[in-house]
>>> print(open('work-v7.txt').read())   # compact mmCIF, C-alpha atoms
# COMPACT_ATOMS: atom_id res chain seq x y z
CA MET A 1 89.72 -60.93 51.00
CA GLN A 2 88.23 -63.46 53.33
CA ASP A 3 90.88 -64.68 55.70
CA VAL A 4 91.81 -68.33 55.95
CA LYS A 5 90.21 -68.66 59.34
CA GLU A 6 86.81 -67.69 58.01
CA ILE A 7 87.27 -70.11 55.15
CA LEU A 8 88.15 -72.87 57.57
CA ILE A 9 85.11 -72.13 59.73
CA ASP A 10 82.87 -72.19 56.68
CA TYR A 11 84.44 -75.37 55.50
CA VAL A 12 83.89 -77.08 58.83
CA LYS A 13 80.29 -75.90 59.08
CA ASN A 14 79.46 -77.07 55.61
CA ASN A 15 81.07 -80.47 55.97
CA GLN A 16 80.01 -81.60 59.41
CA GLU A 17 78.70 -84.97 58.36
CA LYS A 18 81.72 -85.77 56.28
CA LEU A 19 84.05 -84.94 59.13
CA TYR A 20 82.04 -87.05 61.49
CA ARG A 21 82.08 -90.05 59.14
CA ILE A 22 85.82 -89.89 58.79
CA ALA A 23 86.29 -89.81 62.55
CA PHE A 24 83.76 -92.56 62.97
CA SER A 25 85.65 -94.77 60.52
CA TYR A 26 88.48 -94.81 63.02
CA SER A 27 86.77 -94.68 66.39
CA LYS A 28 83.73 -96.85 65.50
CA ASN A 29 82.08 -95.14 68.36
CA GLU A 30 79.78 -92.14 68.21
CA GLU A 31 80.96 -90.30 71.23
CA SER A 32 84.62 -90.65 70.45
CA ALA A 33 84.01 -89.59 66.87
CA LEU A 34 82.41 -86.40 68.14
CA ASP A 35 85.35 -85.85 70.47
CA ILE A 36 87.80 -86.36 67.65
CA VAL A 37 86.06 -83.82 65.43
CA GLN A 38 85.92 -81.36 68.26
CA GLU A 39 89.58 -81.82 69.09
CA ALA A 40 90.57 -81.42 65.45
CA ILE A 41 88.68 -78.13 65.17
CA THR A 42 90.23 -76.77 68.32
CA ARG A 43 93.66 -77.75 67.12
CA ALA A 44 93.10 -76.30 63.68
CA LEU A 45 91.93 -72.96 65.06
CA LYS A 46 94.89 -72.82 67.37
CA ASN A 47 97.32 -73.41 64.53
CA ILE A 48 95.53 -71.37 61.95
CA ASP A 49 98.64 -69.20 61.43
CA LYS A 50 100.33 -72.16 59.84
CA LEU A 51 97.74 -72.36 57.12
CA LYS A 52 99.02 -70.07 54.44
CA GLU A 53 96.98 -70.62 51.35
CA GLU A 54 93.26 -70.95 51.19
CA LYS A 55 93.39 -73.60 48.51
CA TYR A 56 94.89 -75.95 51.07
CA VAL A 57 92.14 -75.52 53.68
CA LYS A 58 90.63 -78.91 53.00
CA THR A 59 93.79 -81.00 52.88
CA TRP A 60 95.23 -79.10 55.80
CA PHE A 61 92.18 -79.77 57.92
CA TYR A 62 92.01 -83.40 56.84
CA LYS A 63 95.59 -83.81 57.90
CA ILE A 64 94.77 -82.59 61.38
CA LEU A 65 91.64 -84.68 61.55
CA ILE A 66 93.31 -87.88 60.41
CA ASN A 67 96.10 -87.18 62.83
CA GLU A 68 93.56 -86.92 65.67
CA CYS A 69 92.04 -90.20 64.56
CA LEU A 70 95.41 -91.93 64.64
CA GLN A 71 96.13 -90.44 68.04
CA TYR A 72 92.86 -91.85 69.23
CA ILE A 73 93.68 -95.31 68.00
CA LYS A 74 97.10 -95.11 69.57
CA LYS A 75 95.73 -93.93 72.90
CA ASN A 76 93.11 -96.61 72.97
CA LYS A 77 95.59 -99.21 71.85
CA ARG A 78 93.02 -101.88 71.28
CA ILE A 79 92.34 -102.94 67.76
CA ILE A 80 88.84 -102.00 66.98
CA THR A 81 87.24 -104.51 64.72
CA CYS A 82 83.98 -104.09 63.05
CA GLU A 83 81.17 -106.62 62.92
CA LEU A 84 78.36 -106.77 60.41
CA GLN A 85 75.71 -106.34 63.03
CA GLU A 86 77.33 -103.18 64.30
CA ILE A 87 77.43 -101.62 60.88
CA GLU A 88 73.85 -102.57 60.26
CA ASP A 89 72.89 -100.75 63.43
CA LYS A 90 74.86 -97.68 62.58
CA ILE A 91 73.55 -96.92 59.15
CA GLU A 92 70.46 -95.36 57.74
CA TRP A 93 69.07 -98.07 55.51
CA ASN A 94 67.93 -97.33 52.03
CA ASP A 95 66.87 -99.51 49.12
CA ASP A 96 70.19 -99.05 47.48
CA ILE A 97 72.12 -100.87 50.15
CA ASN A 98 72.36 -104.62 50.32
CA ILE A 99 74.17 -106.97 52.61
CA ASP A 100 77.08 -107.50 50.21
CA ASP A 101 77.82 -103.80 50.27
CA ILE A 102 77.95 -103.92 54.01
CA GLU A 103 80.20 -106.94 53.91
CA LEU A 104 82.61 -105.07 51.67
CA TYR A 105 82.45 -102.01 53.85
CA LYS A 106 83.21 -104.18 56.84
CA HIS A 107 86.34 -105.55 55.21
CA ILE A 108 87.50 -102.05 54.41
CA GLN A 109 86.93 -101.04 57.99
CA ASN A 110 88.98 -103.98 59.15
CA LEU A 111 91.99 -103.19 57.01
CA ASN A 112 94.97 -101.87 58.88
CA VAL A 113 94.93 -98.17 59.56
CA LYS A 114 97.30 -97.11 56.79
CA LEU A 115 95.50 -99.04 54.10
CA ARG A 116 92.12 -98.05 55.40
CA THR A 117 93.06 -94.38 55.34
CA VAL A 118 93.99 -94.38 51.66
CA ILE A 119 90.82 -96.23 50.73
CA ILE A 120 88.63 -93.84 52.68
CA LEU A 121 90.30 -90.77 51.25
CA ARG A 122 90.54 -92.05 47.71
CA PHE A 123 87.18 -93.71 47.26
CA PHE A 124 84.89 -92.32 49.92
CA GLU A 125 86.22 -88.79 49.94
CA ASP A 126 87.26 -88.68 46.28
CA MET A 127 90.63 -87.17 46.95
CA LYS A 128 93.52 -87.10 44.55
CA ILE A 129 96.61 -89.19 45.11
CA ASP A 130 98.81 -86.16 45.73
CA GLU A 131 96.31 -84.75 48.19
CA ILE A 132 96.29 -88.04 50.04
CA ALA A 133 100.08 -87.97 50.08
CA ARG A 134 99.99 -84.54 51.71
CA ILE A 135 97.38 -85.59 54.26
CA THR A 136 99.19 -88.75 55.24
CA LYS A 137 102.58 -87.06 55.16
CA THR A 138 103.92 -89.56 52.65
CA ASN A 139 104.58 -89.35 48.92
CA VAL A 140 102.64 -90.25 45.84
CA ASN A 141 104.39 -93.58 45.37
CA THR A 142 103.65 -94.69 48.90
CA VAL A 143 100.00 -93.82 48.49
CA LYS A 144 99.83 -95.74 45.25
CA SER A 145 101.44 -98.81 46.69
CA ARG A 146 99.15 -98.71 49.72
CA LEU A 147 96.14 -98.43 47.47
CA TYR A 148 97.33 -101.37 45.45
CA LYS A 149 97.95 -103.41 48.54
CA ALA A 150 94.58 -102.54 50.04
CA LEU A 151 92.75 -103.55 46.90
CA LYS A 152 94.69 -106.78 46.75
CA GLU A 153 93.77 -107.62 50.31
CA LEU A 154 90.14 -106.81 49.68
CA ASN A 155 90.21 -108.94 46.58
CA LYS A 156 91.35 -111.87 48.63
CA LEU A 157 88.43 -111.49 51.01
CA ILE A 158 85.75 -110.63 48.56
CA LYS A 159 85.63 -110.10 44.83
CA VAL A 160 86.05 -106.36 44.47
CA MET B 1 87.52 -101.44 41.80
CA LYS B 2 84.23 -100.02 40.70
CA ASN B 3 82.63 -102.04 43.41
CA ILE B 4 84.22 -99.95 46.07
CA GLU B 5 81.55 -97.46 45.12
CA ARG B 6 79.15 -99.87 46.78
CA ALA B 7 80.94 -99.56 50.05
CA LYS B 8 80.77 -95.81 49.64
CA LYS B 9 77.00 -96.05 49.76
CA VAL B 10 77.30 -97.69 53.13
CA TYR B 11 79.82 -95.12 54.25
CA ASN B 12 77.51 -92.30 53.28
CA ALA B 13 74.65 -93.96 55.09
CA ILE B 14 76.39 -93.92 58.44
CA LYS B 15 74.08 -92.17 60.82
CA VAL B 16 75.39 -88.89 62.06
CA PRO B 17 74.27 -88.06 65.58
CA GLU B 18 72.23 -84.94 66.05
CA GLN B 19 74.80 -83.51 68.37
CA ILE B 20 77.31 -83.04 65.58
CA SER B 21 76.27 -79.49 64.81
CA TYR B 22 76.18 -78.73 68.47
CA VAL B 23 79.66 -80.12 69.02
CA ILE B 24 81.05 -78.28 66.02
CA ASN B 25 79.41 -75.02 66.94
CA LYS B 26 80.69 -75.40 70.43
CA SER B 27 84.28 -75.86 69.27
CA LEU B 28 83.98 -72.92 66.91
CA LEU B 29 82.39 -70.81 69.60
CA LYS B 30 84.99 -71.62 72.17
CA GLU B 31 87.36 -69.65 70.04
CA LYS B 32 85.01 -66.73 69.54
CA ASN B 33 83.73 -66.49 73.06
CA LYS B 34 86.91 -66.74 74.96
CA LYS B 35 86.26 -63.50 76.75
CA LYS B 36 82.62 -64.02 77.53
CA HIS B 37 81.91 -64.44 81.18
CA ILE B 38 79.52 -66.67 82.95
CA PRO B 39 76.01 -65.28 83.16
CA LYS B 40 74.73 -64.15 86.48
CA TYR B 41 72.03 -66.71 86.99
CA ILE B 42 74.61 -69.23 87.91
CA LYS B 43 73.90 -68.19 91.48
CA TYR B 44 70.54 -69.89 91.22
CA VAL B 45 72.25 -73.15 90.94
CA VAL B 46 71.60 -75.05 94.12
CA SER B 47 74.13 -77.67 94.83
CA THR B 48 73.42 -80.84 96.67
CA ALA B 49 76.81 -82.33 96.43
CA THR B 50 80.28 -81.16 97.02
CA CYS B 51 82.29 -81.67 93.92
CA MET B 52 80.63 -79.46 91.42
CA PHE B 53 82.51 -77.71 88.77
CA CYS B 54 81.62 -75.41 86.06
CA ALA B 55 82.55 -76.70 82.70
CA PHE B 56 81.61 -74.15 80.15
CA ILE B 57 78.70 -72.48 78.61
CA VAL B 58 77.88 -73.73 75.26
CA MET B 59 75.29 -72.94 72.79
CA ILE B 60 73.01 -75.55 71.51
CA ASN B 61 71.90 -74.59 68.13
CA VAL B 62 68.31 -73.77 67.53
CA ASN B 63 67.63 -76.83 65.53
CA PRO B 64 69.99 -79.53 66.59
CA SER B 65 69.73 -82.03 63.82
CA PHE B 66 70.26 -79.78 60.87
CA ALA B 67 73.69 -79.57 59.52
CA THR B 68 72.44 -77.65 56.56
CA ASN B 69 70.78 -74.98 58.61
CA ILE B 70 73.73 -74.38 60.75
CA SER B 71 75.26 -71.54 58.79
CA GLU B 72 72.04 -69.62 58.99
CA ILE B 73 71.87 -69.72 62.73
CA PRO B 74 72.92 -66.47 64.25
CA ILE B 75 75.55 -67.03 66.83
CA ILE B 76 74.68 -64.04 68.87
CA GLY B 77 71.19 -62.74 68.69
CA ASN B 78 68.00 -62.15 70.49
CA ILE B 79 66.69 -65.58 69.86
CA ALA B 80 65.77 -67.78 72.74
CA LYS B 81 68.31 -70.44 73.28
CA VAL B 82 68.68 -73.27 75.64
CA PHE B 83 72.14 -73.38 77.06
CA THR B 84 73.98 -76.01 78.91
CA ILE B 85 74.92 -74.14 81.95
CA LYS B 86 76.98 -76.67 83.74
CA GLU B 87 78.24 -80.11 83.75
CA TYR B 88 78.27 -81.94 86.98
CA THR B 89 80.00 -85.19 87.69
CA GLU B 90 80.37 -87.20 90.81
CA GLU B 91 81.86 -90.56 91.31
CA ASP B 92 82.12 -92.84 94.30
CA GLU B 93 81.69 -96.53 95.03
CA GLU B 94 77.94 -96.31 94.88
CA LYS B 95 77.32 -94.26 91.82
CA LEU B 96 78.62 -92.41 88.87
CA ILE B 97 76.71 -89.25 88.08
CA ASN B 98 77.10 -87.30 84.92
CA ALA B 99 74.71 -84.42 84.49
CA LYS B 100 74.38 -81.78 81.84
CA ILE B 101 72.07 -79.22 83.25
CA PRO B 102 70.32 -76.91 80.83
CA ALA B 103 69.15 -73.41 81.49
CA LEU B 104 67.20 -70.89 79.56
CA GLU B 105 68.82 -67.66 78.53
CA ASN B 106 68.46 -64.78 76.10
CA THR B 107 64.71 -65.01 76.00
CA GLY B 108 64.30 -61.35 76.86
CA ASN B 109 62.15 -62.39 79.80
CA THR B 110 64.47 -62.60 82.75
CA GLU B 111 61.69 -63.21 85.24
CA LEU B 112 60.67 -66.29 83.28
CA GLU B 113 64.26 -67.47 82.92
CA LYS B 114 64.81 -67.23 86.65
CA ARG B 115 61.68 -69.14 87.39
CA ILE B 116 62.25 -71.88 84.84
CA ASN B 117 65.94 -72.26 85.59
CA TYR B 118 65.23 -72.50 89.26
CA GLU B 119 62.58 -75.09 88.61
CA ILE B 120 64.98 -77.11 86.48
CA MET B 121 67.59 -77.00 89.20
CA LEU B 122 65.11 -78.18 91.79
CA LYS B 123 63.94 -80.98 89.55
CA ILE B 124 67.44 -82.17 88.82
CA ASN B 125 68.46 -81.97 92.43
CA GLU B 126 65.44 -83.95 93.45
CA VAL B 127 66.11 -86.54 90.79
CA LEU B 128 69.76 -86.87 91.72
CA ASP B 129 68.93 -87.06 95.42
CA GLU B 130 66.55 -89.90 94.79
CA ALA B 131 69.01 -91.68 92.60
CA GLU B 132 71.70 -91.35 95.22
CA LYS B 133 69.44 -92.76 97.89
CA ARG B 134 68.52 -95.62 95.63
CA ALA B 135 72.15 -96.34 94.95
CA ALA B 136 72.98 -96.38 98.66
CA LYS B 137 70.06 -98.66 99.42
CA TYR B 138 70.94 -100.97 96.63
CA LYS B 139 74.50 -101.28 97.80
CA GLU B 140 73.29 -102.04 101.30
CA ALA B 141 71.04 -104.74 99.92
CA VAL B 142 73.88 -106.31 98.00
CA ILE B 143 76.00 -106.53 101.11
CA GLU B 144 73.18 -107.72 103.36
CA THR B 145 72.45 -110.56 101.02
CA GLY B 146 76.01 -111.74 101.24
CA GLY B 147 77.49 -109.90 98.31
CA ARG B 148 80.98 -108.58 98.63
CA GLU B 149 81.55 -104.88 98.51
CA GLU B 150 83.90 -105.17 95.60
CA ASP B 151 81.29 -107.00 93.58
CA TYR B 152 79.02 -104.04 93.66
CA GLN B 153 78.76 -102.20 90.39
CA PRO B 154 78.13 -98.49 90.76
CA ILE B 155 74.86 -97.21 89.37
CA ASN B 156 75.35 -95.00 86.40
CA ILE B 157 73.18 -91.90 86.44
CA GLN B 158 73.02 -89.61 83.46
CA VAL B 159 71.17 -86.35 83.05
CA ASP B 160 71.01 -84.74 79.67
CA TYR B 161 68.66 -82.70 77.59
CA LYS B 162 67.30 -82.39 74.10
CA VAL B 163 65.87 -79.34 72.42
CA GLY B 164 62.78 -80.06 70.41
CA TYR B 165 61.99 -76.63 69.12
CA SER B 166 63.14 -73.15 69.74
CA ASN B 167 62.38 -69.75 68.34
CA GLU B 168 61.75 -66.26 69.72
CA LYS B 169 58.37 -67.25 71.05
CA ILE B 170 58.53 -70.82 72.15
CA VAL B 171 61.09 -73.25 73.40
CA SER B 172 60.47 -76.89 73.89
CA PHE B 173 63.01 -79.14 75.51
CA ILE B 174 63.24 -82.38 77.36
CA ILE B 175 65.39 -83.31 80.30
CA LEU B 176 66.36 -86.95 80.27
CA LYS B 177 67.52 -88.89 83.24
CA SER B 178 68.71 -92.40 82.86
CA GLU B 179 69.89 -94.81 85.45
CA THR B 180 71.72 -97.92 84.54
CA LEU B 181 71.81 -100.75 86.94
CA ALA B 182 70.98 -104.09 85.47
CA SER B 183 69.01 -102.44 82.74
CA ALA B 184 68.73 -98.88 81.67
CA TYR B 185 65.69 -96.83 82.36
CA THR B 186 65.13 -93.31 81.17
CA GLU B 187 62.81 -90.79 82.69
CA MET B 188 61.88 -87.66 80.84
CA TYR B 189 60.68 -84.25 81.89
CA TYR B 190 59.11 -82.01 79.31
CA TYR B 191 59.29 -78.25 79.15
CA ASN B 192 57.24 -76.31 76.64
CA ILE B 193 57.53 -72.66 77.33
CA ASP B 194 55.73 -69.71 75.85
CA ILE B 195 58.30 -66.98 76.19
CA GLU B 196 56.06 -64.06 75.29
CA ASN B 197 53.51 -64.82 77.94
CA GLY B 198 55.98 -66.30 80.35
CA LYS B 199 54.13 -69.53 80.93
CA LYS B 200 54.32 -73.19 80.36
CA LEU B 201 52.24 -74.47 77.53
CA ASN B 202 49.78 -77.29 77.87
CA LEU B 203 47.73 -78.99 75.20
CA ARG B 204 44.70 -76.80 75.78
CA ASP B 205 46.81 -73.70 75.14
CA ILE B 206 47.87 -75.13 71.84
CA PHE B 207 44.80 -76.83 70.46
CA GLY B 208 42.06 -75.02 72.33
CA ASN B 209 39.19 -76.66 74.19
CA GLU B 210 38.90 -79.41 71.64
CA TYR B 211 42.38 -80.59 72.47
CA LYS B 212 41.25 -84.00 73.70
CA GLU B 213 39.36 -84.86 70.54
CA ILE B 214 42.18 -83.67 68.33
CA VAL B 215 44.87 -85.55 70.16
CA ASN B 216 42.91 -88.74 70.78
CA GLU B 217 41.75 -89.04 67.22
CA ALA B 218 45.29 -88.75 65.92
CA ILE B 219 46.62 -91.28 68.40
CA TYR B 220 43.89 -93.87 67.83
CA LYS B 221 44.41 -93.60 64.11
CA GLU B 222 48.15 -93.98 64.39
CA ILE B 223 47.90 -96.93 66.79
CA GLU B 224 45.62 -98.64 64.34
CA LYS B 225 48.04 -97.95 61.52
CA ARG B 226 51.05 -99.16 63.44
CA SER B 227 49.24 -102.28 64.63
CA LYS B 228 48.96 -103.46 61.04
CA ASN B 229 52.57 -104.45 61.40
CA GLN B 230 52.36 -107.56 63.53
CA ASN B 231 55.58 -106.69 65.30
CA ASN B 232 53.85 -103.72 66.86
CA ILE B 233 51.72 -104.62 69.81
CA TYR B 234 49.76 -102.19 71.94
CA PHE B 235 47.95 -103.04 75.13
CA THR B 236 44.22 -103.28 74.66
CA GLU B 237 42.05 -100.74 76.42
CA GLU B 238 40.98 -103.29 79.02
CA ASN B 239 44.57 -104.18 79.70
CA GLY B 240 45.74 -100.71 80.48
CA GLY B 241 46.23 -99.56 76.92
CA PHE B 242 45.52 -96.16 75.49
CA LYS B 243 42.01 -94.90 76.21
CA GLY B 244 42.33 -91.23 75.54
CA ILE B 245 44.54 -88.70 77.24
CA GLU B 246 43.52 -87.74 80.72
CA ASN B 247 44.07 -84.01 80.65
CA GLU B 248 45.93 -81.17 79.02
CA TYR B 249 49.06 -81.92 81.01
CA GLN B 250 49.83 -85.05 79.05
CA ASN B 251 53.55 -85.26 78.26
CA PHE B 252 54.51 -83.76 74.97
CA TYR B 253 57.15 -81.73 73.22
CA ILE B 254 57.31 -79.69 70.06
CA ASN B 255 59.47 -81.03 67.29
CA GLN B 256 61.59 -79.13 64.82
CA ASP B 257 58.74 -78.92 62.38
CA GLY B 258 56.73 -77.08 64.97
CA LYS B 259 54.39 -79.98 65.59
CA VAL B 260 53.24 -81.39 68.88
CA VAL B 261 54.58 -84.83 69.71
CA ILE B 262 52.68 -86.71 72.38
CA VAL B 263 54.86 -89.08 74.35
CA PHE B 264 54.08 -92.19 76.33
CA GLU B 265 56.72 -93.76 78.43
CA LYS B 266 57.93 -97.27 77.97
CA TYR B 267 55.29 -99.72 79.29
CA GLU B 268 52.65 -97.00 79.45
CA ILE B 269 50.53 -98.14 76.53
CA ALA B 270 52.57 -100.94 75.03
CA PRO B 271 54.93 -103.72 76.09
CA GLY B 272 58.44 -102.71 77.02
CA TYR B 273 60.05 -103.83 73.82
CA MET B 274 58.04 -101.24 71.95
CA GLY B 275 59.92 -98.57 73.83
CA ILE B 276 58.81 -94.99 74.20
CA GLN B 277 55.81 -94.25 72.02
CA GLU B 278 55.62 -90.96 70.22
CA PHE B 279 52.71 -89.59 68.23
CA ILE B 280 53.03 -86.55 66.05
CA ILE B 281 49.88 -84.48 65.89
CA ASP B 282 49.92 -83.33 62.32
CA ARG B 283 48.82 -79.75 62.72
CA GLN B 284 50.96 -76.76 62.24
CA ILE B 285 50.75 -74.88 65.46
CA LEU B 286 53.55 -72.39 65.25
>>> encode(input="work-v7.txt", output="structure tokens")
Amino acid sequence: MQDVKEILIDYVKNNQEKLYRIAFSYSKNEESALDIVQEAITRALKNIDKLKEEKYVKTWFYKILINECLQYIKKNKRIITCELQEIEDKIEWNDDINIDDIELYKHIQNLNVKLRTVIILRFFEDMKIDEIARITKTNVNTVKSRLYKALKELNKLIKV
Amino acid sequence: MKNIERAKKVYNAIKVPEQISYVINKSLLKEKNKKKHIPKYIKYVVSTATCMFCAFIVMINVNPSFATNISEIPIIGNIAKVFTIKEYTEEDEEKLINAKIPALENTGNTELEKRINYEIMLKINEVLDEAEKRAAKYKEAVIETGGREEDYQPINIQVDYKVGYSNEKIVSFIILKSETLASAYTEMYYYNIDIENGKKLNLRDIFGNEYKEIVNEAIYKEIEKRSKNQNNIYFTEENGGFKGIENEYQNFYINQDGKVVIVFEKYEIAPGYMGIQEFIIDRQIL
């Protein structure tokens, strides 16, 4: 049997871009996002003993990663807001993307951290409610109510 | 709710920096390589300043931008790799230096490694020396012209490197030095090394005696193509624009597809806003 550490390493290697995008959603800054990913990996490897079952590799790692992101925000204290121009500079344009999409994305990025996290995990990372609950160390009801609240806020700003 | 999918498109389009695989590999390697010691060529490192410290040896993966390739890259093997050998930082009132100094290792040609690594060290030392002098002079000038010492902003000097191509036979990498004062300016030094024969490659080695024709034709064609977009302006030949490469030592590197990329610095053949100009010579050489 492959041990959990190998599985984690494989997981990280195969999901580099995903991990970066999550970190970037919090730091809004390339270098810090790289630092966050790096820190999360180091931490995960150090605590690998605590990961018991391989089926939890993903949620377990996400939990660590999100935690690093929150630490980062805490440490840097400032509220990082996102402007349209910045997003435009940071994405690879394709024909499928229009300015309204970016506007919506901007509003999501400017939600408060808790709401933003559930939106990112639910819609961008396609995670299940109970997985999100585990990652954010809350329960299913909290996740649901945050999702509801986030969508309501977005609805106010833009027709979602 | 369905519309959130639209934002997902944006999310998935966020550019991921090339270094991601390098950073991830490095963190994974740190765990694996805990017991590995520092290679011996560290003694070739010539220090010009006092506060040097050795950070760590990290591996840059063979093909830095490819997340998908990463699992195929052997972590330990006989393949030539460019390593960051040390990180060097220095900070005082005049300047802030941050240098990542690369070195060649594992090429199987130690003589060549010594030579190249020594050359890189000399180059970086020279570059840093100059930058330090410039910073000192600049500060002096600020004060002489009535500026207050506390108004002086330290010059920010960065040295870094990029690997263009690397396999058992050839490595191509670029050392970048940028200095930020009022505006940023980056200087680049290109290294294309034939490991088997232990020499630096020039354009003649790659394309043969016809190298000028091959390169010039490709560049003229591409300039013409790019000029069709009215935002792209190149200097005319009379005004110092491109009029053929001078010799085989023209700056170039080899990209991940194994193709030669000819590089012209900012202002060299086009106005500054056009930035660095790169031309891929579309011939498989490797």
>>> closest_residue(input="work-v7.txt", among="B:Ala218, B:Leu28, B:Met121, B:Ile170", to="chain A", atoms="all atoms listed in the file")
B:Leu28
>>> residues_around(input="work-v7.txt", residues="Leu45 (chain A)", least_positions_apart="5", cutoff="12 Å", atoms="all atoms listed in the file", output="CSV table (one decimal) with C-alpha atoms, in the coordinates of the input")
chain,number,residue,atom,x,y,z
A,4,VAL,CA,91.8,-68.3,56.0
A,5,LYS,CA,90.2,-68.7,59.3
A,6,GLU,CA,86.8,-67.7,58.0
A,7,ILE,CA,87.3,-70.1,55.2
A,8,LEU,CA,88.2,-72.9,57.6
A,9,ILE,CA,85.1,-72.1,59.7
A,12,VAL,CA,83.9,-77.1,58.8
A,38,GLN,CA,85.9,-81.4,68.3
A,39,GLU,CA,89.6,-81.8,69.1
A,40,ALA,CA,90.6,-81.4,65.4
A,50,LYS,CA,100.3,-72.2,59.8
A,51,LEU,CA,97.7,-72.4,57.1
A,57,VAL,CA,92.1,-75.5,53.7
A,60,TRP,CA,95.2,-79.1,55.8
A,61,PHE,CA,92.2,-79.8,57.9
A,64,ILE,CA,94.8,-82.6,61.4
B,27,SER,CA,84.3,-75.9,69.3
B,28,LEU,CA,84.0,-72.9,66.9
B,29,LEU,CA,82.4,-70.8,69.6
B,30,LYS,CA,85.0,-71.6,72.2
B,31,GLU,CA,87.4,-69.6,70.0
B,32,LYS,CA,85.0,-66.7,69.5
>>> atom_distance(input="work-v7.txt", atom1="CA of Asn29 (chain A)", atom2="CA of Pro154 (chain B)")
23.0 Å
>>> interface_residues(input="work-v7.txt", of="chain A", to="chain B", cutoff="9 Å", atoms="all atoms listed in the file", output="CSV table (one decimal) with C-alpha atoms, keeping the file's coordinate frame")
chain,number,residue,atom,x,y,z
A,9,ILE,CA,85.1,-72.1,59.7
A,10,ASP,CA,82.9,-72.2,56.7
A,12,VAL,CA,83.9,-77.1,58.8
A,13,LYS,CA,80.3,-75.9,59.1
A,14,ASN,CA,79.5,-77.1,55.6
A,15,ASN,CA,81.1,-80.5,56.0
A,16,GLN,CA,80.0,-81.6,59.4
A,17,GLU,CA,78.7,-85.0,58.4
A,18,LYS,CA,81.7,-85.8,56.3
A,20,TYR,CA,82.0,-87.0,61.5
A,21,ARG,CA,82.1,-90.0,59.1
A,24,PHE,CA,83.8,-92.6,63.0
A,25,SER,CA,85.6,-94.8,60.5
A,30,GLU,CA,79.8,-92.1,68.2
A,34,LEU,CA,82.4,-86.4,68.1
A,35,ASP,CA,85.4,-85.8,70.5
A,37,VAL,CA,86.1,-83.8,65.4
A,38,GLN,CA,85.9,-81.4,68.3
A,39,GLU,CA,89.6,-81.8,69.1
A,41,ILE,CA,88.7,-78.1,65.2
A,42,THR,CA,90.2,-76.8,68.3
A,45,LEU,CA,91.9,-73.0,65.1
A,46,LYS,CA,94.9,-72.8,67.4
A,87,ILE,CA,77.4,-101.6,60.9
A,90,LYS,CA,74.9,-97.7,62.6
A,91,ILE,CA,73.6,-96.9,59.2
A,92,GLU,CA,70.5,-95.4,57.7
A,93,TRP,CA,69.1,-98.1,55.5
A,94,ASN,CA,67.9,-97.3,52.0
A,96,ASP,CA,70.2,-99.0,47.5
A,97,ILE,CA,72.1,-100.9,50.2
A,98,ASN,CA,72.4,-104.6,50.3
A,100,ASP,CA,77.1,-107.5,50.2
A,101,ASP,CA,77.8,-103.8,50.3
A,102,ILE,CA,78.0,-103.9,54.0
A,103,GLU,CA,80.2,-106.9,53.9
A,104,LEU,CA,82.6,-105.1,51.7
A,105,TYR,CA,82.4,-102.0,53.8
A,106,LYS,CA,83.2,-104.2,56.8
A,108,ILE,CA,87.5,-102.0,54.4
A,119,ILE,CA,90.8,-96.2,50.7
A,120,ILE,CA,88.6,-93.8,52.7
A,123,PHE,CA,87.2,-93.7,47.3
A,124,PHE,CA,84.9,-92.3,49.9
A,125,GLU,CA,86.2,-88.8,49.9
A,151,LEU,CA,92.8,-103.6,46.9
A,159,LYS,CA,85.6,-110.1,44.8
A,160,VAL,CA,86.0,-106.4,44.5
>>> closest_residue(input="work-v7.txt", among="A:Glu31, A:Glu68, A:Glu131, A:Asp3", to="Ala44 (chain A)", atoms="all atoms listed in the file")
A:Glu68
>>> atom_distance(input="work-v7.txt", atom1="CA of Lys266 (chain B)", atom2="CA of Glu224 (chain B)")
18.4 Å
